[in-house]
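S.K.: For reference, the structure I am asking about is given below.
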Amino acid sequence: MHGLLNCSGFSRFGYSIGKRLVGNNCRRNRVRRLLREAVRLTRQQLPIGIDFVLTSRRGGIPSLTELMETLPKLAKQVAGRLEARAKRVALPKHEALPKPDLK
C-alpha cells in the first residue's frame with residue numbers, strides 16, 4: 001500500500017492488481033472486488049485526506065476478513081510514514097498540506 005497526502009477532506013483509493021502476481025482476469029477482478037468491499041466496510045477506521053494505492057502481492061486470493069483486518073493497520077502505517085516525512089521536509093507555508101485525520 002502506498003499513499004500521498006491530498007488537499008481534500010476525504011481519502012481516495014486506487015487499485016493495481018498485476019497479471020503476473022495474481023493470474024488471469026477472473027482472479028484479478030475477484031481480488032479487486034474484495035479490496036473494494038474491504039475499503040467500503042472499513043472506511044470509518046481509515047485515515048482521511050490521503051490518496052491510497054492498493055497493490056497486490058504474490059500468492060492466493062485473500063479472504064475478505066483478512067483484508068478487513070489488515071487494511072486499517074496498513075493505512076495507519078502509511079499515514080504515520082507520511083506524517084514523519086512531512087516533519088522531515090518542511091514545506092513553505094503556501095505549499096503546506098493538511099495533516100491526515102488519524103482516528
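Every chain in the C-alpha cells has a letter given in the order shown (A, B, ...), and although residue numbers restart at 1 in each chain, ligands are simply numbered from 1 in the order shown.
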Skipping near chain neighbours, those fewer than 6 positions away, what residues fall within 12 Å of Lys73 of chain A using only C-alpha atoms, listed as a list in words?
M.R.: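 Counting only C-alpha atoms, the residues come to Met1, Thr42, Gln45, Leu46, Pro47, Glu66, Leu67, Ala79, Gly80, Leu102 and Lys103 of chain A.
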S.K.: Could you tell me, as number ranges by chain, which residues of chain A DSSP assigns to alpha helix (DSSP H) when given the backbone?
M.R.: A: 19-22, 25-42, 64-88
S.K.: Please report the interatomic distance between atom CA of Gln44 of chain A and atom CA of Val78 of chain A in Å with one decimal.
M.R.: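 So the two atoms, atom CA of Gln44 of chain A and atom CA of Val78 of chain A, lie 16.2 Å apart.
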S.K.: Grab the atom CA of Gly18 of chain A to atom CA of Arg32 of chain A distance for me, in Å with one decimal place.
M.R.: 10.6 Å
S.K.: Compare A:Val53, A:Tyr15, A:Ala84, A:Asn6 by their minimum atom-to-atom distance to Leu34 of chain A, counting only C-alpha atoms, and give me the closest one.
M.R.: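 Going through A:Val53, A:Tyr15, A:Ala84, A:Asn6 one by one, the smallest distance to Leu34 of chain A is for A:Tyr15.
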S.K.: Separation of atom CA of Arg40 of chain A and atom CA of Ser11 of chain A, in Å?
M.R.: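 Going from atom CA of Arg40 of chain A over to atom CA of Ser11 of chain A covers 11.7 Å.
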S.K.: Might you pull out every residue within 12 Å of Arg36 of chain A, with only C-alpha atoms counted and same-chain residues fewer than 5 positions away left off, and present them as a ChimeraX atom specification?
M.R.: /A:12-16,29-31,41-43,53-54,64,67-68,71
S.K.: Any chance you can output those residues with N, CA and C atoms as a short mmCIF file (atom, residue, chain, number, x, y, z; two decimals), in the first residue's frame?
M.R.:
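And here's result.cif as it stands now:
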```
data_model
loop_
_atom_site.label_atom_id
_atom_site.label_comp_id
_atom_site.auth_asym_id
_atom_site.auth_seq_id
_atom_site.Cartn_x
_atom_site.Cartn_y
_atom_site.Cartn_z
N ARG A 12 -9.01 8.85 -1.12
CA ARG A 12 -9.33 8.19 -2.39
C ARG A 12 -8.50 6.92 -2.47
N PHE A 13 -9.01 5.95 -3.21
CA PHE A 13 -8.36 4.66 -3.30
C PHE A 13 -8.19 4.24 -4.75
N GLY A 14 -7.00 3.77 -5.07
CA GLY A 14 -6.71 3.21 -6.38
C GLY A 14 -6.25 1.77 -6.19
N TYR A 15 -6.46 0.95 -7.19
CA TYR A 15 -6.15 -0.47 -7.11
C TYR A 15 -5.25 -0.85 -8.27
N SER A 16 -4.15 -1.55 -7.98
CA SER A 16 -3.24 -2.03 -9.00
C SER A 16 -3.04 -3.52 -8.78
N ASN A 29 -9.99 -9.63 -11.12
CA ASN A 29 -11.25 -8.95 -10.80
C ASN A 29 -11.77 -9.36 -9.44
N ARG A 30 -11.59 -10.61 -9.07
CA ARG A 30 -12.02 -11.10 -7.76
C ARG A 30 -11.26 -10.36 -6.66
N VAL A 31 -9.94 -10.23 -6.81
CA VAL A 31 -9.13 -9.51 -5.82
C VAL A 31 -9.56 -8.05 -5.76
N LEU A 41 -16.25 -1.43 3.82
CA LEU A 41 -16.64 -1.84 5.16
C LEU A 41 -15.76 -1.25 6.26
N THR A 42 -14.54 -0.85 5.94
CA THR A 42 -13.64 -0.32 6.97
C THR A 42 -13.37 1.17 6.80
N ARG A 43 -14.13 1.85 5.99
CA ARG A 43 -13.87 3.26 5.70
C ARG A 43 -13.84 4.13 6.95
N VAL A 53 -2.97 3.81 -2.81
CA VAL A 53 -2.89 2.88 -3.94
C VAL A 53 -2.65 1.51 -3.34
N LEU A 54 -3.61 0.61 -3.53
CA LEU A 54 -3.52 -0.74 -3.02
C LEU A 54 -2.98 -1.64 -4.12
N LEU A 64 -12.00 -11.91 2.62
CA LEU A 64 -12.49 -10.58 2.99
C LEU A 64 -12.14 -10.24 4.43
N LEU A 67 -8.52 -9.13 4.67
CA LEU A 67 -8.35 -7.77 4.14
C LEU A 67 -8.91 -6.74 5.12
N MET A 68 -10.04 -7.04 5.74
CA MET A 68 -10.64 -6.09 6.68
C MET A 68 -9.79 -5.92 7.93
N LEU A 71 -6.22 -3.98 6.36
CA LEU A 71 -6.34 -2.69 5.68
C LEU A 71 -6.21 -1.49 6.63
#
```
S.K.: Could you please write out, as a PyMOL selection string, every residue of chain A that DSSP assigns to strand (DSSP E)?
M.R.: chain A and resi 2-5+12-16+50-55
S.K.: Could you save the residues just selected, with N, CA and C atoms, as a PDB file, in the first residue's frame?
M.R.:
```
ATOM      1  N   HIS A   2       0.549   2.156  -0.852  1.00  0.00           N
ATOM      2  CA  HIS A   2       1.267   3.419  -0.945  1.00  0.00           C
ATOM      3  C   HIS A   2       0.271   4.546  -0.690  1.00  0.00           C
ATOM      4  N   GLY A   3       0.777   5.712  -0.328  1.00  0.00           N
ATOM      5  CA  GLY A   3      -0.117   6.825  -0.071  1.00  0.00           C
ATOM      6  C   GLY A   3       0.551   8.162  -0.316  1.00  0.00           C
ATOM      7  N   LEU A   4      -0.293   9.159  -0.481  1.00  0.00           N
ATOM      8  CA  LEU A   4       0.159  10.530  -0.676  1.00  0.00           C
ATOM      9  C   LEU A   4      -0.917  11.459  -0.119  1.00  0.00           C
ATOM     10  N   LEU A   5      -0.499  12.490   0.593  1.00  0.00           N
ATOM     11  CA  LEU A   5      -1.471  13.435   1.139  1.00  0.00           C
ATOM     12  C   LEU A   5      -2.204  14.149   0.010  1.00  0.00           C
ATOM     13  N   ARG A  12      -9.008   8.850  -1.121  1.00  0.00           N
ATOM     14  CA  ARG A  12      -9.325   8.194  -2.389  1.00  0.00           C
ATOM     15  C   ARG A  12      -8.496   6.917  -2.475  1.00  0.00           C
ATOM     16  N   PHE A  13      -9.011   5.950  -3.212  1.00  0.00           N
ATOM     17  CA  PHE A  13      -8.363   4.657  -3.305  1.00  0.00           C
ATOM     18  C   PHE A  13      -8.193   4.244  -4.754  1.00  0.00           C
ATOM     19  N   GLY A  14      -6.997   3.767  -5.071  1.00  0.00           N
ATOM     20  CA  GLY A  14      -6.710   3.206  -6.382  1.00  0.00           C
ATOM     21  C   GLY A  14      -6.255   1.769  -6.193  1.00  0.00           C
ATOM     22  N   TYR A  15      -6.462   0.951  -7.192  1.00  0.00           N
ATOM     23  CA  TYR A  15      -6.146  -0.468  -7.105  1.00  0.00           C
ATOM     24  C   TYR A  15      -5.246  -0.849  -8.272  1.00  0.00           C
ATOM     25  N   SER A  16      -4.149  -1.548  -7.975  1.00  0.00           N
ATOM     26  CA  SER A  16      -3.240  -2.028  -9.005  1.00  0.00           C
ATOM     27  C   SER A  16      -3.040  -3.520  -8.780  1.00  0.00           C
ATOM     28  N   ILE A  50      -5.905  11.239   2.482  1.00  0.00           N
ATOM     29  CA  ILE A  50      -4.779  10.542   1.864  1.00  0.00           C
ATOM     30  C   ILE A  50      -5.280   9.818   0.617  1.00  0.00           C
ATOM     31  N   ASP A  51      -4.483   9.861  -0.436  1.00  0.00           N
ATOM     32  CA  ASP A  51      -4.744   9.051  -1.624  1.00  0.00           C
ATOM     33  C   ASP A  51      -3.976   7.742  -1.457  1.00  0.00           C
ATOM     34  N   PHE A  52      -4.674   6.639  -1.455  1.00  0.00           N
ATOM     35  CA  PHE A  52      -4.060   5.324  -1.282  1.00  0.00           C
ATOM     36  C   PHE A  52      -4.030   4.576  -2.610  1.00  0.00           C
ATOM     37  N   VAL A  53      -2.967   3.814  -2.813  1.00  0.00           N
ATOM     38  CA  VAL A  53      -2.891   2.880  -3.936  1.00  0.00           C
ATOM     39  C   VAL A  53      -2.650   1.510  -3.339  1.00  0.00           C
ATOM     40  N   LEU A  54      -3.615   0.615  -3.532  1.00  0.00           N
ATOM     41  CA  LEU A  54      -3.521  -0.742  -3.018  1.00  0.00           C
ATOM     42  C   LEU A  54      -2.984  -1.640  -4.121  1.00  0.00           C
ATOM     43  N   THR A  55      -1.891  -2.340  -3.830  1.00  0.00           N
ATOM     44  CA  THR A  55      -1.279  -3.212  -4.821  1.00  0.00           C
ATOM     45  C   THR A  55      -1.368  -4.659  -4.355  1.00  0.00           C
TER      46      THR A  55
END
```
S.K.: Excluding Arg20 of chain A and its own-chain neighbours fewer than 6 positions away, which residues fall within 12 Å of it when counting only C-alpha atoms? Please give them as a PyMOL selection string.
M.R.: chain A and resi 27-28+56-59
S.K.: Would you save the residues from that selection as a PDB file, in the first residue's frame, using N, CA and C atoms?
M.R.:
```
ATOM      1  N   ARG A  27      -9.368 -13.860 -11.787  1.00  0.00           N
ATOM      2  CA  ARG A  27      -8.771 -13.778 -10.442  1.00  0.00           C
ATOM      3  C   ARG A  27      -8.453 -12.329 -10.071  1.00  0.00           C
ATOM      4  N   ARG A  28      -7.950 -11.550 -11.024  1.00  0.00           N
ATOM      5  CA  ARG A  28      -7.650 -10.131 -10.747  1.00  0.00           C
ATOM      6  C   ARG A  28      -8.911  -9.367 -10.383  1.00  0.00           C
ATOM      7  N   SER A  56      -1.330  -5.569  -5.308  1.00  0.00           N
ATOM      8  CA  SER A  56      -1.434  -6.987  -4.977  1.00  0.00           C
ATOM      9  C   SER A  56      -0.058  -7.565  -4.700  1.00  0.00           C
ATOM     10  N   ARG A  57      -0.062  -8.657  -3.970  1.00  0.00           N
ATOM     11  CA  ARG A  57       1.160  -9.393  -3.695  1.00  0.00           C
ATOM     12  C   ARG A  57       1.011 -10.803  -4.253  1.00  0.00           C
ATOM     13  N   ARG A  58       2.138 -11.444  -4.448  1.00  0.00           N
ATOM     14  CA  ARG A  58       2.143 -12.805  -4.956  1.00  0.00           C
ATOM     15  C   ARG A  58       1.456 -13.733  -3.944  1.00  0.00           C
ATOM     16  N   GLY A  59       0.713 -14.675  -4.426  1.00  0.00           N
ATOM     17  CA  GLY A  59       0.054 -15.626  -3.544  1.00  0.00           C
ATOM     18  C   GLY A  59      -1.387 -15.826  -3.937  1.00  0.00           C
TER      19      GLY A  59
END
```
